[in-house]
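Working notes, beginning with the structure itself.
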Amino acid sequence: MEKELRLMKGNEAVAEAAIRAGVDGYFGYPITPQTEIIEYLMEANPAETTGMVVLQAESEVAAINMVYGGAACGKKVMTSSSSPGISLKQEGISYIAGAELPCLIVNVVRGGPGLGTIQPAQSDYFQSTKGGGHGDYHLIVLAPASVQEMADFVGLSFELAFKYRNPVLMLSDGAIGQMMEKVYLSPFKERSKTVPEWATTGKPPTRNRNVITSLDLDPNRQEVFNEKLLTKYNEIREKEVRFEEFQCEDAEYILVAYGTSARVCQKSVQLAREQGIKVGLLRPITLFPFPTKRIKELADRVKGMLSVEMSAGQMVEDVLLAVNGKIPVYHFGRMGGIVTTPEEVVECLKSKFIGG
Amino acid sequence: MVQVTGIKEIIKPENLVYKKTEVMTKNILSYCPGCGHGTAHRILAEIIDEEGLQSEAIGVSPVGCSVFLYYYLDIDWQEAAHGRAPAVATAIKRLMPEKFVFTYQGDGDLAAIGTAETIHACNRGENILIIFINNGIYGMTGGQMAPTTLPGMKSSTSPYGRDVKTMGNPLKMTDIVASLPGSYYVTRQSVHTAANVKKTKKAIRKAVQYQKLNKGTCLVEIVSNCPSGWKMTPVQSNKWMEENMFPFYPLGDLKTPEE
Amino acid sequence: MAKIRGSIVVNVERCKGCEVCMVSCPTGTIAMAKEVNGKGYNYAFPANPELCIGCANCAMVCPDGVITVYKTKI
């Protein structure tokens, strides 16, 4: 079937892709730099076309709990926000993970901490991959690096969410949310009529009641449940790693970067090679599960890695863990909402590894 | 089953007047002796049974003494985070409008941490039923002060009595909700006597009918007791409730639909 | 003239001895047993069964739903 070509903002692409992916409900709250998502959905009014529910909640807290309610009914539901709003959602996210519910949360990251700035940053990596909410759980984290991926990852997120009964986080940033690019949009998919057997839909006489909860006061049972989650996350680590490599075949140094930083680093690779430095780029697409295995393999044949992230240094810790001391690993990134430039990356690479 | 009976000759199936509904599961209730939760649960279960709603009902349980509500009524349940039940119910009803959707919440859940969710769900006029059990105390966590604790009332966090100067006045959430155009039927009842049980059952039945008509939010507050938290016997607590809670939280309809 | 006579059945082990049924009974049928059940509660029982009129007040207010009520005309 034909894909439709449009010129859109990243945020708008998420919204349009959600309608086309047959999403049942969106619950959100305005916050810069992602408010276009709910504005686009309200204007498009999919209630009239696909029957999709679009609701502006009274807070990000209410929105994530609406997602919980919809997900527990087996529906495709999502929310979006930016860093401070995602902090508000952490309780709900932990509950969603603890109740093993599928859903999509979009974080269009801005500079923090606190109210921070409205410009782009990548300082929510820890929050996204190491917890954010309380307890032993993980989100599947996808990091789009283009408007096309903002659109494509909506459908992919729900596929993964329902496959594993787990929440999925799309970790974008203010630059990708706001930039306009060509995007090929998938044809409209009808909203699903299948009901998962675990969902609360009203108890017919033919089955026992379904209870969606994350509470168990019996520690032995709770441990069994925690082990079940761990098994799930290990399966996800096995099967769902996604990444992209750019000129790594003969590289002596590897840049590791996602999202906007990856786009910057593509240029850095080009600039470095013009100066005779053989650099490659590894772009993780899934931040959880992290491409640990691939980084470990690359560490066997390169001289060093530079993790480039618009933060004080978060993803670099996972690179260090993967490399496990074999080669030097450093971090570079601008903060405060400033986007790193390709030249800065090359300068840092040279100063750390080549001493010049 | 070990039982004691009255006159044995009268005990015949054709003479049955009252039996606990099958919508209640066989699980033993975890509540303290004399706690109104048990009675409230059973009234709700009876309505679900009599109105044929067992396969339409989706309940949202709170955090509080009744967190395990899903052990006791044989319907589909979702456990909500503390205070968030109206938001959870909003999504359920919007996505599955043909179902009977309700929340069951205590005073901490509905009037403290969940104040925003309560007010905004009612403000939007979500077609759900909110059942609000108000016993002026936090039972599950050991008897702390609630937003609905009366002035002068002792609790574990107001050991010298609630001092309105530093702790504020009790919050009449039901009155606030009744003032919102989105709320359709708002009433305050109790379950400590047979007469009040009948009235409460009537109120919940009305709310069920109104939900079918998509008229807006129905809120049924049940002023109830907490013998353990109030440090009284069940019978004493019901008397104390009549003498102290009812004057402050008067029973009756706060908002009824215009005919 | 027909007289209404009632009879209640109390599930002894599930009664928590709260006494709310006793207070709700209009005829003085119910009293609390001197014995305790397995949980240590003095359970309710029809101490004066001939007074019972099967109004079911007791069953309606019982928080644990331990009472079943029967009634007939004599």
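Residue numbering restarts at 1 for every chain of the structure tokens, chains are lettered A, B, ... in their displayed order, and ligands are numbered from 1 as they appear.
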Which residues of chain B are close to chain C, meaning at most 8 Å apart when you count only C-alpha atoms, and how do they look as a PyMOL selection string?
chain B and resi 1-8+10-12+15-20+28-29+33-40+42+191-194+197+233-235
- Could you list, as number ranges by chain, every residue of chain A that has an atom within 7 Å of an atom of chain B, counting only C-alpha atoms? A: 58, 62, 65-66, 68-70, 73, 200-204, 209-213
Counting only C-alpha atoms, what is within 12 Å of Val220 (chain B), bar same-chain residues fewer than 5 positions away, as a count of residues only? 44
- [ ] For region 262-275 of chain A, please output as a PyMOL selection string all residues within 8 Å (counting only C-alpha atoms; exclusion window: fewer than 3 positions along the same chain).
- [x] chain A and resi 145+246+255-259+278-281+283+308+340-343+345-346
- One-decimal distance in Å that lies between CA of Ser94 (chain A) and CA of Ala72 (chain A):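 Here the two named atoms are 14.1 Å from each other.
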Q: Write out as a list in words each polymer residue whose atoms come within 12 Å of Thr49 (chain A), counting only C-alpha atoms; drop sequence neighbours fewer than 2 positions from it.
A: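 The neighbour list is Ile19, Arg20, Gly22, Asp24, Leu41, Ala44, Asn45, Pro46, Ala47, Gly51, Met52, Val53, Phe188, Lys189, Glu190 and Arg191 of chain A.
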For the selection you just gave me, I'd like the residues written to a file as a compact mmCIF listing (two decimals), in the first residue's frame, keeping C-alpha atoms.
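Saved to out07.txt:
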# COMPACT_ATOMS: atom_id res chain seq x y z
CA ILE A 19 -4.00 7.97 14.42
CA ARG A 20 -2.81 5.80 11.55
CA GLY A 22 -5.08 2.60 15.25
CA ASP A 24 -7.38 3.88 20.92
CA LEU A 41 -4.61 15.40 17.73
CA ALA A 44 -7.38 16.26 13.61
CA ASN A 45 -10.32 15.11 15.77
CA PRO A 46 -9.91 11.36 15.23
CA ALA A 47 -12.98 10.76 17.41
CA GLY A 51 -13.08 6.75 17.24
CA MET A 52 -9.77 7.47 19.00
CA VAL A 53 -10.24 9.18 22.37
CA PHE A 188 -4.40 3.91 8.15
CA LYS A 189 -4.74 0.79 10.26
CA GLU A 190 -8.09 0.01 11.86
CA ARG A 191 -8.34 0.03 15.65
DSSP says alpha helix (DSSP H) for which residues of region 23-255 of chain B? Put them as a ChimeraX atom specification? /B:36-50,85-95,107-108,115-123,164-167,173-178,194-212,227-230,234-240,246-248
What separation in Å, quoted to one decimal, exists between CA of Met145 (chain B) and CA of Thr157 (chain B)?
->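 Here the two named atoms are 5.7 Å from each other.
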query: Can you list every residue in region 100-192 of chain B that DSSP puts in strand (DSSP E), as number ranges by chain?
result: B: 100-106, 129-134, 183-190
Kindly export the residues of the current selection with C-alpha atoms, as an mmCIF file, in the first residue's frame.
data_model
loop_
_atom_site.group_PDB
_atom_site.id
_atom_site.type_symbol
_atom_site.label_atom_id
_atom_site.label_comp_id
_atom_site.auth_asym_id
_atom_site.auth_seq_id
_atom_site.Cartn_x
_atom_site.Cartn_y
_atom_site.Cartn_z
ATOM 1 C CA PHE B 100 -20.693 0.027 34.212
ATOM 2 C CA VAL B 101 -17.645 1.813 35.622
ATOM 3 C CA PHE B 102 -17.223 2.867 39.219
ATOM 4 C CA THR B 103 -14.584 3.806 41.763
ATOM 5 C CA TYR B 104 -14.641 2.971 45.460
ATOM 6 C CA GLN B 105 -12.493 5.288 47.544
ATOM 7 C CA GLY B 106 -11.724 6.317 51.109
ATOM 8 C CA LEU B 129 -20.073 6.359 39.816
ATOM 9 C CA ILE B 130 -17.769 7.392 42.640
ATOM 10 C CA ILE B 131 -18.435 5.676 45.968
ATOM 11 C CA PHE B 132 -16.798 7.651 48.767
ATOM 12 C CA ILE B 133 -16.387 5.982 52.169
ATOM 13 C CA ASN B 134 -15.855 8.800 54.663
ATOM 14 C CA SER B 183 -21.877 16.216 38.671
ATOM 15 C CA TYR B 184 -25.389 14.838 38.186
ATOM 16 C CA TYR B 185 -26.405 13.068 41.388
ATOM 17 C CA VAL B 186 -24.634 13.667 44.685
ATOM 18 C CA THR B 187 -25.827 12.145 47.929
ATOM 19 C CA ARG B 188 -24.627 11.305 51.404
ATOM 20 C CA GLN B 189 -25.756 8.110 53.111
ATOM 21 C CA SER B 190 -24.748 5.613 55.795
#
Correct to one decimal, the distance CA of Met232 (chain B)-CA of Asp163 (chain B) is 21.7 Å
